[in-house]
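Here the structure is laid out as structure tokens; the discussion comes afterwards.
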Amino acid sequence: MAKTSNKKSLVIVESPAKAKTINKYLGPGYDVKASMGHVRDLPSKGINVDIENNFEPTYDIMPGKKRTVSSLKDAAKNCDKLYLATDLDREGEAIAWHLAQILGIPEEKTYRVIFNEITKSAIQNAFDNPGKLDDDKVMAQQARRILDRIVGYKISPLLWKKVARGLSAGRVQSVAVKIVVEREREIRAFEPKEYWLIPGVFSSELEKDYHQAWLDFIKPKSEDDKGPTLAQKNQWLAEHSAFNAELYKIGNEKFHADNETDARRIFGAIKDAHFSVSNLEKKESKSRPSPPFITSTLQQAASNRLGFSAKRTMRVAQQLYEGIELGDMGSLGLITYMRTDSTHLSLEALNEARNFIERQFGKNYLPDKEINYTASKSAQQAHEAIRPTDIDMTPDDIKPLVSEEQYKLYDLIWRRFTACQMAPARWDVTNLEVGTDTSKGKGIFRTTGRTLVFDGFTKVWMTASEQQQLPELKVGQMLNAVDIKAEQHFTKPPARYNEASLVKALEKEGIGRPSTYASIISTIQDRGYVEQTERRFYATDLGEVVTDKLNEYFPRIMDIAFTRHMEEQLDKIEEQHLDWLAVLNEFYGPFKENLEKATNQMEHAKAETAPSEYTCPDCGKPLVYKFGKSGKFLSCSDYPACKFASRCDSEGKMVEEQTTEHKCPNCGKVMLLKRGRFGEFLGCSGYPECKTILNLDKEGNIKPPKEPPQPTGIKCHKCKQGELVIRKSKRGPFLGCGRFPKCRTIISIEQLDHLKELQSQGKWPPETIAQADELLGRKKTKKTKKTKKSNV
């Protein structure tokens with residue numbers, strides 16, 4: 001990386017943290033600047049894609065980025081060469097391309113440098129072997145951006161008209177909502193089925209009676225106590241030479257009972273019988289380590305083990321990748337690039353891991369050769385898995401120098417990578433059968449126990465085992481029945497998605513890409529389509545209504561197979577030089593037809609009704625389900641003649657309004673606890689004659705009434721009818737027109753004395769708004785001219 005010119009080479013990365021870390025590895029001949037992420041995009045107002053002209057996009061400098069772009073242009077004027085060192089994925093390539101377009105440095109002086117980790121050797125190697133911008137990767141990202149813009153800007157206004165204002169649709173987000181909605185409806189439609197089990201607890205200590213001790217141990221100590229955990233039960237059993245088993249066979253048939261009568265009949269024949277070990281099989285089993293992390297598996301593990309959201313995981317991983325200040329060592333990049341779908345590991349990383357494992361744990365923990373993991377077909381093998389940049393930098397080494405969340409995520413990544421190159425764990429597995437002779441034939445109880453022989457990779461990557469440890473037994477040995485009972489159970493509906501399982505579902509169905517999972521999950525919650533309660537996702541009424549509308553009128557967009565196909569097509573633009581315009585045309589033709597049909601035929605959600613099982617308490621006519629601002633509710637079918645309405649829960653059950661101890665301050669009637677679009681509040685039971693409302697805080701206490709606006713005596717210059725008053729907001733006091741909401745004039749509170757002086761001099765209110773702006777010292781901003789760029 002020797003420099004011969006007096007001019008410096010300009011290096012541009014996305015963030016100051018990344019710039020700081022890279023700068024320490026480059027010589028004085030390099031000027032490293034940060035673009036602060038994207039600098040140019042499709043403007044937020046309007047679609048800004050000329051569909052009729054080969055989908056030509058119109059790009060503009062993003063709001064708040066003009067100063068950054070100006071600074072980069074100044075630096076580019078005197079540079080010898082331009083090195084674009086943004087991230088190595090599509091998003092990074094797009095940022096690099098936009099920067100090249102904006103700065104206008106000749107192509108022969110513009111280079112693209114990519115690296116998987118921010119270490120001295122990786123940076124030096126990247127700058128010693130610079131490349132050029134990858135046009136296919138840029139076009140793949142541009143096609144994705146245009147597709148998303150078309151879907152968003154064509155469907156969202158339709159949802160505003162037909163469902164509610166402020167809604168949005170997305171090519172990927174809408175399908176993600178559909179997955180949650182379908183699971184919600186599976187759960188709702190699920191009918192539990194009864195079944196019975198006959199478990200037994202047996203001990204090899206015949207002379208001791210543990211029956212009462214076991215019952216006392218498993219009995220909850222209070223109403224809130226859930227009893228001992230499975231691990232605690234297994235520990236108690238091991239301490240008492242006991243184990244759990246379950247009735248598997250009675251006579252010549254496998255035991256099955258779906259009602260109490262059948263279960264009790266078998267239980268009656270077994271409960272007082274004698275038991276012995278009828279069969280015992282021992283074998284060794286191995287459990288092998290999981291592959292190193294890719295983006296999706298990191299998000300899943302961080303959710304399950306650390307309770308991190310996907311968004312939080314990616315934010316912390318970005319910090320670890322770009323560089324953390326580690327005292328005297330300066331800023332160091334601790335992990336490789338965190339947006340990847342490849343489990344590939346470099347030979348250098350494999351050798352370092354093997355050396356560390358042998359040195360730290362001994363040869364027993366080292367396999368005969370390195371372990372290579374097979375990645376998915378769509379994975380980019382040029383990328384690496386997520387791993388520490390230096391395995392010798394252990395989590396304990398950095399713990400005092402990083403935040404708690406940085407330590408936890410680094411510890412997870414470090415352990416997973418180290419474990420993936422360690423020897424398998426070995427277990428002694430015992431399959432045990434307990435037999436008894438009964439009036440119904442021979443009864444067989446079955447169980448399995450497992451004992452760890454060699455911990456292997458689990459020394460670093462702990463895995464929870466719910467299998468019990470069996471006492472030493474032999475065939476024919478008599479056993480003591482500690483407890484045998486017949487238990488009623490019911491089949492359970494499929495589990496609701498949490499962040500980890502939703503990421504897994506998106507990955508399995510090919511919806512989105514690993515780098516987009518976090519934003520997808522965040523967006524569908526922000527839009528109010530799904531809610532997360534106790535770390536589980538619930539579809540909202542709004543999410544269900546929007547999903548049904550889109551399913552009916554945009555079947556291709558909502559089809560999981562088609563969404564997967566489009567993702568594959570976008571990948572082929574990058575990897576197989578597929579024409580990006582052909583991909584857009586394939587999508588847009590059918591989409592345009594669906595859009596025209598939906599515009600003409602889609603009925604407003606508020607006009608639709610569905611029958612219910614309830615009758616109106618006021619007039620006796622049937623109640624129907626309707627959709628309103630706060631979601632689904634019950635309304636009288638004779639509306640507007642009868643105005644009865646009631647809330648209902650997510651399952652459609654009527655929610656009765658609760659009376660409270662509070663009295664209406666205006667009419668004295670009882671106040672009712674109600675729920676609106678902004679949460680719970682108190683409403684007068686005398687509604688609609690009395691419309692008093694009292695707002696509640698987060699604790700359910702009545703909020704004190706807002707202070708009335710303070711008059712100022714200053715005339716409003718817009719409406720010429722009202723006077724300005726002092727109002728309060730979260731940001732502090734401000735001046736607003738007393739005729740709000742008819743007049744929405746807002747002026748800074750700092751202008752109060754100045755306005756009083758102007759009015760006393762007869763200069764206020766002026767005749768025009770322009771004159772008012774001049775008197776207040778307001779300057780109008782000039783609109784910037786938009787630029788069109790669509791081809792590389």
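Convention: chains lettered A, B, ... in structure tokens order; per-chain residue numbering from 1; ligands numbered from 1 as shown.
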
Proximity of stretch 264-375 of chain A to stretch 394-406 of chain A: per-residue shortest pair, 8 Å limit, only C-alpha atoms, as a tab-separated table:
```
residue	atom	partner	partner_atom	distance
A:Val316	CA	A:Gln406	CA	6.0
A:Ala317	CA	A:Gln406	CA	7.8
A:Gln319	CA	A:Gln406	CA	8.0
A:Leu320	CA	A:Gln406	CA	7.1
A:Ile324	CA	A:Val402	CA	7.5
A:Glu325	CA	A:Leu401	CA	7.6
A:Leu326	CA	A:Leu401	CA	5.8
A:Gly327	CA	A:Leu401	CA	7.1
```

Item checked: Shell around A:Met422 at 12 Å using only C-alpha atoms, local window under 3 positions removed, as number ranges by chain -> A: 287-292, 350, 353-358, 360-372, 415-419, 425, 454-461

Notebook entry, point to check: Which polymer residues have any atom within 12 Å of an atom of A:Ser685, counting only C-alpha atoms, with same-chain residues fewer than 3 positions away left out, as an MDAnalysis selection string?
Noted result: chainID A and resid 657:660 662:664 666:674 682 688:693

Generate a file of the selected residues that holds N, CA, C and O atoms, formatted as a PDB file, in the first residue's frame.
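To be explicit, this is the file written out as result.pdb:
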```
ATOM      1  N   GLU A 657     -68.518  -3.865  29.558  1.00  0.00           N
ATOM      2  CA  GLU A 657     -67.864  -2.701  30.142  1.00  0.00           C
ATOM      3  C   GLU A 657     -67.927  -2.782  31.663  1.00  0.00           C
ATOM      4  O   GLU A 657     -68.972  -3.099  32.241  1.00  0.00           O
ATOM      5  N   GLN A 658     -66.802  -2.488  32.305  1.00  0.00           N
ATOM      6  CA  GLN A 658     -66.720  -2.572  33.762  1.00  0.00           C
ATOM      7  C   GLN A 658     -67.139  -1.247  34.408  1.00  0.00           C
ATOM      8  O   GLN A 658     -66.733  -0.176  33.952  1.00  0.00           O
ATOM      9  N   THR A 659     -67.923  -1.368  35.446  1.00  0.00           N
ATOM     10  CA  THR A 659     -68.247  -0.157  36.205  1.00  0.00           C
ATOM     11  C   THR A 659     -67.090   0.146  37.156  1.00  0.00           C
ATOM     12  O   THR A 659     -66.366  -0.756  37.576  1.00  0.00           O
ATOM     13  N   THR A 660     -66.915   1.409  37.494  1.00  0.00           N
ATOM     14  CA  THR A 660     -65.843   1.818  38.403  1.00  0.00           C
ATOM     15  C   THR A 660     -66.441   2.573  39.587  1.00  0.00           C
ATOM     16  O   THR A 660     -67.643   2.885  39.606  1.00  0.00           O
ATOM     17  N   HIS A 662     -65.712   5.532  40.255  1.00  0.00           N
ATOM     18  CA  HIS A 662     -65.681   6.962  39.929  1.00  0.00           C
ATOM     19  C   HIS A 662     -67.049   7.449  39.447  1.00  0.00           C
ATOM     20  O   HIS A 662     -67.766   6.724  38.751  1.00  0.00           O
ATOM     21  N   LYS A 663     -67.386   8.665  39.807  1.00  0.00           N
ATOM     22  CA  LYS A 663     -68.620   9.321  39.371  1.00  0.00           C
ATOM     23  C   LYS A 663     -68.287  10.389  38.337  1.00  0.00           C
ATOM     24  O   LYS A 663     -67.223  11.009  38.382  1.00  0.00           O
ATOM     25  N   CYS A 664     -69.210  10.586  37.413  1.00  0.00           N
ATOM     26  CA  CYS A 664     -69.009  11.587  36.365  1.00  0.00           C
ATOM     27  C   CYS A 664     -68.973  12.986  37.013  1.00  0.00           C
ATOM     28  O   CYS A 664     -69.899  13.359  37.741  1.00  0.00           O
ATOM     29  N   ASN A 666     -69.591  15.717  35.715  1.00  0.00           N
ATOM     30  CA  ASN A 666     -70.576  16.622  35.122  1.00  0.00           C
ATOM     31  C   ASN A 666     -72.020  16.247  35.456  1.00  0.00           C
ATOM     32  O   ASN A 666     -72.849  17.115  35.729  1.00  0.00           O
ATOM     33  N   CYS A 667     -72.331  14.907  35.435  1.00  0.00           N
ATOM     34  CA  CYS A 667     -73.729  14.518  35.672  1.00  0.00           C
ATOM     35  C   CYS A 667     -73.898  13.597  36.874  1.00  0.00           C
ATOM     36  O   CYS A 667     -75.029  13.302  37.277  1.00  0.00           O
ATOM     37  N   GLY A 668     -72.798  13.117  37.450  1.00  0.00           N
ATOM     38  CA  GLY A 668     -72.869  12.301  38.657  1.00  0.00           C
ATOM     39  C   GLY A 668     -73.101  10.827  38.423  1.00  0.00           C
ATOM     40  O   GLY A 668     -73.129  10.052  39.380  1.00  0.00           O
ATOM     41  N   LYS A 669     -73.273  10.375  37.180  1.00  0.00           N
ATOM     42  CA  LYS A 669     -73.505   8.952  36.913  1.00  0.00           C
ATOM     43  C   LYS A 669     -72.189   8.170  37.002  1.00  0.00           C
ATOM     44  O   LYS A 669     -71.098   8.744  36.977  1.00  0.00           O
ATOM     45  N   VAL A 670     -72.330   6.844  37.082  1.00  0.00           N
ATOM     46  CA  VAL A 670     -71.156   5.977  37.213  1.00  0.00           C
ATOM     47  C   VAL A 670     -70.307   6.054  35.937  1.00  0.00           C
ATOM     48  O   VAL A 670     -70.835   6.057  34.822  1.00  0.00           O
ATOM     49  N   MET A 671     -68.986   6.054  36.118  1.00  0.00           N
ATOM     50  CA  MET A 671     -68.071   6.028  34.981  1.00  0.00           C
ATOM     51  C   MET A 671     -67.741   4.574  34.643  1.00  0.00           C
ATOM     52  O   MET A 671     -67.552   3.733  35.539  1.00  0.00           O
ATOM     53  N   LEU A 672     -67.661   4.270  33.346  1.00  0.00           N
ATOM     54  CA  LEU A 672     -67.360   2.921  32.866  1.00  0.00           C
ATOM     55  C   LEU A 672     -65.934   2.864  32.326  1.00  0.00           C
ATOM     56  O   LEU A 672     -65.452   3.832  31.717  1.00  0.00           O
ATOM     57  N   LEU A 673     -65.261   1.716  32.544  1.00  0.00           N
ATOM     58  CA  LEU A 673     -63.931   1.510  31.986  1.00  0.00           C
ATOM     59  C   LEU A 673     -64.087   1.064  30.535  1.00  0.00           C
ATOM     60  O   LEU A 673     -64.691   0.032  30.256  1.00  0.00           O
ATOM     61  N   LYS A 674     -63.532   1.848  29.614  1.00  0.00           N
ATOM     62  CA  LYS A 674     -63.661   1.559  28.183  1.00  0.00           C
ATOM     63  C   LYS A 674     -62.275   1.501  27.557  1.00  0.00           C
ATOM     64  O   LYS A 674     -61.284   1.891  28.162  1.00  0.00           O
ATOM     65  N   LEU A 682     -61.985   6.286  30.939  1.00  0.00           N
ATOM     66  CA  LEU A 682     -63.275   6.242  31.619  1.00  0.00           C
ATOM     67  C   LEU A 682     -64.285   7.063  30.829  1.00  0.00           C
ATOM     68  O   LEU A 682     -64.009   8.199  30.445  1.00  0.00           O
ATOM     69  N   PRO A 688     -75.247   8.518  25.184  1.00  0.00           N
ATOM     70  CA  PRO A 688     -74.670   9.697  24.535  1.00  0.00           C
ATOM     71  C   PRO A 688     -75.168  11.043  25.093  1.00  0.00           C
ATOM     72  O   PRO A 688     -74.732  12.079  24.609  1.00  0.00           O
ATOM     73  N   GLU A 689     -76.067  11.015  26.083  1.00  0.00           N
ATOM     74  CA  GLU A 689     -76.530  12.292  26.640  1.00  0.00           C
ATOM     75  C   GLU A 689     -75.374  13.053  27.296  1.00  0.00           C
ATOM     76  O   GLU A 689     -75.264  14.266  27.189  1.00  0.00           O
ATOM     77  N   CYS A 690     -74.497  12.302  27.999  1.00  0.00           N
ATOM     78  CA  CYS A 690     -73.325  12.914  28.627  1.00  0.00           C
ATOM     79  C   CYS A 690     -72.077  12.306  27.986  1.00  0.00           C
ATOM     80  O   CYS A 690     -71.898  11.086  28.003  1.00  0.00           O
ATOM     81  N   LYS A 691     -71.216  13.116  27.420  1.00  0.00           N
ATOM     82  CA  LYS A 691     -70.053  12.627  26.676  1.00  0.00           C
ATOM     83  C   LYS A 691     -68.742  12.848  27.428  1.00  0.00           C
ATOM     84  O   LYS A 691     -67.674  12.946  26.829  1.00  0.00           O
ATOM     85  N   THR A 692     -68.820  12.886  28.759  1.00  0.00           N
ATOM     86  CA  THR A 692     -67.625  13.108  29.570  1.00  0.00           C
ATOM     87  C   THR A 692     -66.639  11.941  29.444  1.00  0.00           C
ATOM     88  O   THR A 692     -67.028  10.778  29.487  1.00  0.00           O
ATOM     89  N   ILE A 693     -65.367  12.290  29.281  1.00  0.00           N
ATOM     90  CA  ILE A 693     -64.295  11.297  29.182  1.00  0.00           C
ATOM     91  C   ILE A 693     -63.175  11.694  30.137  1.00  0.00           C
ATOM     92  O   ILE A 693     -62.812  12.869  30.230  1.00  0.00           O
TER      93      ILE A 693
END
```

Note to self: Which residues are close to A:Val177, i.e. within 9 Å by only C-alpha atoms, leaving aside same-chain residues fewer than 6 positions away? Reply as a list in words.
What the structure shows: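 Result of the neighbour search: Ile524, Tyr529, Val530, Ala539, Gly543, Glu544 and Thr547 of chain A.
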
Notebook entry, point to check: In stretch 281-364 of chain A, what's helix (DSSP H, G or I) per DSSP? Answer as a PyMOL selection string?
Noted result: chain A and resi 295-306+310-322+327-329+347-361+363-364

Checklist line | Close residues, A:Ala100 itself excluded, 12 Å, only C-alpha atoms, min 4 positions apart in chain, as number ranges by chain | finding: A: 10-12, 35, 39-40, 69, 72-73, 76, 81-86, 93-96, 104-112, 132-133, 138, 789, 792

Those same residues, written as a compact mmCIF listing (two decimals), in the first residue's frame with C-alpha atoms?
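Ended up saving to out.txt:
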```txt
# COMPACT_ATOMS: atom_id res chain seq x y z
CA LEU A 10 -10.15 9.16 -0.37
CA VAL A 11 -11.70 6.15 1.40
CA ILE A 12 -15.43 6.18 2.12
CA SER A 35 -21.12 8.63 4.43
CA VAL A 39 -26.83 9.33 0.91
CA ARG A 40 -29.23 9.06 -2.03
CA VAL A 69 -22.41 14.98 0.57
CA LEU A 72 -17.41 14.32 0.63
CA LYS A 73 -17.36 16.35 -2.59
CA ALA A 76 -12.99 14.25 -3.53
CA LYS A 81 -7.93 7.89 -5.98
CA LEU A 82 -11.36 6.99 -4.60
CA TYR A 83 -11.77 3.77 -2.62
CA LEU A 84 -15.36 2.78 -1.85
CA ALA A 85 -15.14 0.55 1.23
CA THR A 86 -18.79 0.10 2.09
CA GLU A 93 -22.74 -2.05 -3.22
CA ALA A 94 -25.70 0.27 -3.81
CA ILE A 95 -24.31 2.86 -1.38
CA ALA A 96 -20.94 2.66 -3.15
CA GLY A 104 -18.04 11.94 -10.33
CA ILE A 105 -14.46 10.67 -9.96
CA PRO A 106 -13.24 9.10 -13.26
CA GLU A 107 -13.89 5.36 -13.40
CA GLU A 108 -10.19 4.56 -13.80
CA LYS A 109 -9.53 6.25 -10.45
CA THR A 110 -12.49 4.71 -8.63
CA TYR A 111 -12.01 1.38 -6.85
CA ARG A 112 -14.19 -0.96 -4.83
CA LYS A 132 -14.49 -2.34 -9.50
CA LEU A 133 -18.17 -1.85 -8.72
CA VAL A 138 -26.16 -2.84 -7.98
CA LYS A 789 -30.21 7.91 -12.60
CA VAL A 792 -24.72 2.18 -14.37
```

Next item on the list: Between atom CA of A:Leu502 and atom CA of A:Gly528, measure the distance and give it in Å to one decimal.
Entry: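 One can read the atom CA of A:Leu502 to atom CA of A:Gly528 distance as 16.8 Å.
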
Tell me which protein, DNA and RNA residues are within 6 Å of stretch 721-731 of chain A, counting only C-alpha atoms, leaving out same-chain ones fewer than 5 positions away, and put them as a short mmCIF file (atom, residue, chain, number, x, y, z; two decimals) with N, CA and C atoms, in the first residue's frame.
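part_4.cif, freshly written:
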```cif
data_model
loop_
_atom_site.label_atom_id
_atom_site.label_comp_id
_atom_site.auth_asym_id
_atom_site.auth_seq_id
_atom_site.Cartn_x
_atom_site.Cartn_y
_atom_site.Cartn_z
N PRO A 709 -55.35 26.72 27.75
CA PRO A 709 -54.40 27.60 27.07
C PRO A 709 -54.45 29.02 27.66
N GLN A 710 -53.28 29.65 27.77
CA GLN A 710 -53.21 31.00 28.32
C GLN A 710 -53.37 32.03 27.20
N PRO A 711 -54.31 32.95 27.34
CA PRO A 711 -54.49 33.97 26.29
C PRO A 711 -53.33 34.95 26.27
N THR A 712 -53.03 35.48 25.09
CA THR A 712 -51.94 36.46 24.94
C THR A 712 -52.45 37.82 24.45
N ILE A 714 -52.82 38.54 21.40
CA ILE A 714 -52.22 38.80 20.08
C ILE A 714 -53.10 38.17 19.00
N LYS A 715 -53.42 38.93 17.98
CA LYS A 715 -54.28 38.46 16.90
C LYS A 715 -53.57 37.44 16.03
N CYS A 716 -54.34 36.45 15.51
CA CYS A 716 -53.79 35.45 14.59
C CYS A 716 -53.69 36.07 13.20
N GLY A 736 -50.19 29.02 19.59
CA GLY A 736 -51.12 28.48 18.61
C GLY A 736 -52.40 29.27 18.59
N CYS A 737 -53.13 29.16 17.50
CA CYS A 737 -54.39 29.90 17.39
C CYS A 737 -55.45 29.30 18.30
N GLY A 738 -56.23 30.17 18.95
CA GLY A 738 -57.29 29.72 19.85
C GLY A 738 -58.43 29.05 19.13
N ARG A 739 -58.48 29.15 17.78
CA ARG A 739 -59.55 28.53 17.00
C ARG A 739 -59.16 27.12 16.51
#
```
